[in-house]
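Report on the structure given below.
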Amino acid sequence: MKPIICIAGPTASGKSAWAIQIAKSFSGEIINTDALQVYSELNIISARPSKSEMLSAPHHLFGHVDSNFRYSVGNWISEVENLIIDILARGKSPILTGGTGLYFRSLIEGIAKIPIIPSDIILETNKFQEQNGVEGLRNLAEKLDPKAANRVLGKDPHRLMRIINVYKATNKPISFWQENTKPVVPRIFCHCAVLLPERQKLYDAINNRFDLMMKKGLLNEAERIFTKNIDPSLPIMKAIGLREFFPYFSGDISLDEAVHLAKRNSRRFAKRQFTWFRGQLKNWNEIKTEVQRKNFEKIILHKV
């Protein structure tokens, strides 16, 4: 069987370029493993590969989801499972690349098969948050599922709402559904690398890339989404480059202030990704130098 290759890393760390290089060298096909690059309307903001890059190697699960769809890790797993099988059956290597660590972890460690949450329950919880805030969410989550709620650190309304919604929809705690999970792809079949460049170089790359994205039309892309009045609780609204520019479109801040906030939040997001990857992907190959990159490619070469 051809090797399954996973390339993770913080934003602007060079994942896409390396994945394309590997795909060309080892007859591979690239699978998006980023929660925001699935959205059709987030072309520039999500730093989706360009058309020419996508033509250089087969790409899958990029820009195929509408902005109003509440796409989740469960949706991604259901799509990626058959896709990996199909690519392997055609004698190619699946190359999964992106910055969403939860997708990688769910792929290798498994994900709970939780039933679909009815929309009326989601709306009810959203209204509860509007009326009671994050503290109200936490109190309700602790009442319904104290074990799961205690694992949520700080203000994380999305995870707290998930705990509440699952309990309301199934009358069972989320831990019940998490107990019997199986990996989509066992770790033994995967060759996994996480790009962790020197921190200041990464921050410089983020700033430079954002300037380039502005020249490519990021502002127009953000404004198109702003005019749609999308539900702020939808996953697409987590994209950095949207919430920072919405106050500018409303006339509350200047363009320079919006750009400053977007760059700052991108760097902060990269820092959180860096910490998460270091803590959660401990048995992955950490790639910090060109030598480590070449060594990883040699390992793959022996498996092809």
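Residue numbering restarts at 1 for every chain of the structure tokens, chains are lettered A, B, ... in their displayed order, and ligands are numbered from 1 as they appear.
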Which residues, written as a list in words, have at least one atom at most 7 Å from region 46-55 of chain A, with only C-alpha atoms counted and residues fewer than 4 positions away on the same chain left out?
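Near region 46-55 of chain A, the qualifying residues are Leu36, Gln37, Leu42 and His59 of chain A.
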How about saving the chosen residues, N, CA and C atoms kept, as a short mmCIF file (atom, residue, chain, number, x, y, z; two decimals), in the first residue's frame?
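Final output, saved to selection-v4.cif:
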data_model
loop_
_atom_site.label_atom_id
_atom_site.label_comp_id
_atom_site.auth_asym_id
_atom_site.auth_seq_id
_atom_site.Cartn_x
_atom_site.Cartn_y
_atom_site.Cartn_z
N LEU A 36 -11.25 25.86 7.34
CA LEU A 36 -11.75 27.04 6.65
C LEU A 36 -11.54 26.98 5.14
N GLN A 37 -10.57 26.21 4.68
CA GLN A 37 -10.34 26.11 3.25
C GLN A 37 -11.41 25.30 2.53
N LEU A 42 -14.18 31.55 0.84
CA LEU A 42 -12.94 31.92 1.51
C LEU A 42 -11.75 31.49 0.67
N HIS A 59 -6.05 18.00 -6.16
CA HIS A 59 -6.45 18.54 -4.86
C HIS A 59 -7.90 18.15 -4.57
#
Using only C-alpha atoms, I'd like a table of the residues in region 8-71 of chain A that come within 12 Å of region 110-124 of chain A; for each, show the closest atom pair and its distance in Å rounded to one decimal, ordered by chain and ascending number, as CSV.
residue,atom,partner,partner_atom,distance
A:Phe69,CA,A:Ser119,CA,11.7
A:Arg70,CA,A:Ser119,CA,10.4
A:Tyr71,CA,A:Ile116,CA,11.7
DSSP-assigned helix (DSSP H, G or I) among region 25-221 of chain A, expressed as a PyMOL selection string
chain A and resi 25-26+51-56+73-89+101-109+119-144+146-149+157-170+174-178+187-189+199-216+218-221
Keeping only C-alpha atoms, write the selected residues to a file as a short mmCIF file (atom, residue, chain, number, x, y, z; two decimals), in the first residue's frame.
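Below is the file again-v3.cif, written as the result:
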data_model
loop_
_atom_site.label_atom_id
_atom_site.label_comp_id
_atom_site.auth_asym_id
_atom_site.auth_seq_id
_atom_site.Cartn_x
_atom_site.Cartn_y
_atom_site.Cartn_z
CA SER A 25 7.77 13.58 -6.38
CA PHE A 26 5.85 10.61 -4.98
CA LYS A 51 -5.58 27.61 -9.45
CA SER A 52 -2.12 26.98 -10.90
CA GLU A 53 -1.05 25.16 -7.73
CA MET A 54 -4.16 22.99 -7.81
CA LEU A 55 -3.46 22.13 -11.44
CA SER A 56 0.07 21.01 -10.57
CA VAL A 73 -15.05 17.49 11.78
CA GLY A 74 -17.70 14.78 11.43
CA ASN A 75 -18.54 16.00 7.92
CA TRP A 76 -14.85 16.03 7.03
CA ILE A 77 -14.25 12.51 8.36
CA SER A 78 -17.20 11.13 6.40
CA GLU A 79 -15.81 12.65 3.20
CA VAL A 80 -12.15 11.88 3.75
CA GLU A 81 -12.59 8.21 4.63
CA ASN A 82 -13.87 7.19 1.19
CA LEU A 83 -11.48 9.61 -0.50
CA ILE A 84 -8.40 8.01 1.08
CA ILE A 85 -9.62 4.55 0.05
CA ASP A 86 -10.20 5.75 -3.51
CA ILE A 87 -6.75 7.36 -3.83
CA LEU A 88 -5.01 4.27 -2.46
CA ALA A 89 -7.03 2.02 -4.78
CA GLY A 101 -5.20 19.76 14.40
CA LEU A 102 -8.58 18.32 15.41
CA TYR A 103 -9.01 16.91 11.90
CA PHE A 104 -5.66 15.12 12.07
CA ARG A 105 -6.32 13.80 15.56
CA SER A 106 -9.80 12.58 14.61
CA LEU A 107 -8.36 10.85 11.54
CA ILE A 108 -5.74 8.92 13.50
CA GLU A 109 -7.41 8.52 16.91
CA SER A 119 -31.44 22.75 14.18
CA ASP A 120 -34.07 23.79 16.74
CA ILE A 121 -31.81 22.67 19.57
CA ILE A 122 -28.87 24.60 18.10
CA LEU A 123 -31.02 27.74 17.79
CA GLU A 124 -32.26 27.33 21.35
CA THR A 125 -28.70 27.11 22.69
CA ASN A 126 -27.62 30.10 20.60
CA LYS A 127 -30.44 32.18 22.10
CA PHE A 128 -29.46 30.97 25.57
CA GLN A 129 -25.92 32.23 24.96
CA GLU A 130 -27.18 35.62 23.76
CA GLN A 131 -29.21 36.00 26.96
CA ASN A 132 -26.80 34.48 29.48
CA GLY A 133 -23.32 34.82 27.98
CA VAL A 134 -20.44 32.36 28.26
CA GLU A 135 -20.82 32.06 32.03
CA GLY A 136 -24.41 30.97 31.56
CA LEU A 137 -23.27 28.38 29.02
CA ARG A 138 -20.67 27.05 31.43
CA ASN A 139 -23.17 26.77 34.29
CA LEU A 140 -25.62 24.86 32.10
CA ALA A 141 -22.89 22.61 30.67
CA GLU A 142 -21.64 21.81 34.18
CA LYS A 143 -25.18 20.92 35.22
CA LEU A 144 -25.84 18.66 32.22
CA PRO A 146 -19.90 18.15 34.50
CA LYS A 147 -17.18 15.75 33.32
CA ALA A 148 -17.03 17.23 29.83
CA ALA A 149 -17.47 20.81 31.05
CA PRO A 157 -18.47 29.00 23.86
CA HIS A 158 -18.38 26.63 20.88
CA ARG A 159 -17.22 23.64 22.94
CA LEU A 160 -19.64 24.48 25.76
CA MET A 161 -22.53 24.73 23.30
CA ARG A 162 -21.49 21.41 21.78
CA ILE A 163 -21.69 19.75 25.22
CA ILE A 164 -25.14 21.22 25.81
CA ASN A 165 -26.47 20.40 22.34
CA VAL A 166 -25.32 16.78 22.44
CA TYR A 167 -26.93 16.19 25.82
CA LYS A 168 -30.19 17.87 24.80
CA ALA A 169 -30.38 15.94 21.52
CA THR A 170 -29.43 12.49 22.80
CA ILE A 174 -20.78 13.57 25.15
CA SER A 175 -18.39 11.17 26.95
CA PHE A 176 -20.86 8.33 26.24
CA TRP A 177 -20.34 8.86 22.52
CA GLN A 178 -16.58 9.31 22.86
CA ARG A 187 -1.19 5.65 13.02
CA ILE A 188 1.00 2.76 11.82
CA PHE A 189 -0.03 3.46 8.20
CA ARG A 199 8.85 31.74 15.65
CA GLN A 200 9.98 35.15 14.38
CA LYS A 201 10.37 33.86 10.82
CA LEU A 202 6.84 32.52 11.02
CA TYR A 203 5.49 35.87 12.23
CA ASP A 204 7.32 37.68 9.42
CA ALA A 205 5.84 35.23 6.91
CA ILE A 206 2.35 35.87 8.30
CA ASN A 207 2.74 39.65 7.98
CA ASN A 208 4.15 39.43 4.45
CA ARG A 209 1.49 36.98 3.31
CA PHE A 210 -1.27 39.18 4.67
CA ASP A 211 0.05 42.15 2.70
CA LEU A 212 0.01 39.97 -0.42
CA MET A 213 -3.53 38.78 0.35
CA MET A 214 -4.67 42.41 0.59
CA LYS A 215 -3.24 43.06 -2.88
CA LYS A 216 -5.06 39.99 -4.21
CA LEU A 218 -8.97 40.10 0.51
CA LEU A 219 -10.97 43.25 1.31
CA ASN A 220 -13.49 42.58 -1.47
CA GLU A 221 -13.84 38.96 -0.41
#
Backbone-only DSSP, strand (DSSP E) members of region 36-114 of chain A, as an MDAnalysis selection string
chainID A and resid 59:60 93:98
Gap from CA of Tyr248 (chain A) to CA of Ser233 (chain A) - Å, one decimal
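According to the coordinates, CA of Tyr248 (chain A) and CA of Ser233 (chain A) are separated by 20.0 Å.
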Could you tell me how far CA of Leu281 (chain A) sits from CA of Ala262 (chain A), in Å to one decimal place?
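So the answer is 27.1 Å.
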Name the residues in contact with Ile299 (chain A) at a cut-off of 12 Å, using only C-alpha atoms, excluding same-chain residues fewer than 5 positions from it; report them as a PyMOL selection string.
chain A and resi 3+5+26+190-193+285+292-294+304
List the neighbours of region 19-24 of chain A out to 10 Å using only C-alpha atoms; skip same-chain residues closer than 6 positions along the sequence, and give me the result as a list in words.
Ile5, Cys6, Ile7, Ala8, Ile30, Ile31, Pro49, Glu53, Met54, Ser56, Ala57, Pro58, His59, Lys92, Ser93, Pro94, Ile95, Leu96, Thr97, Gly98, Glu297, Ile300 and Leu301 of chain A
What is the CA of Ser266 (chain A)-CA of Glu41 (chain A) distance in Å, reported with one decimal?
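Separation of CA of Ser266 (chain A) and CA of Glu41 (chain A): 19.0 Å.
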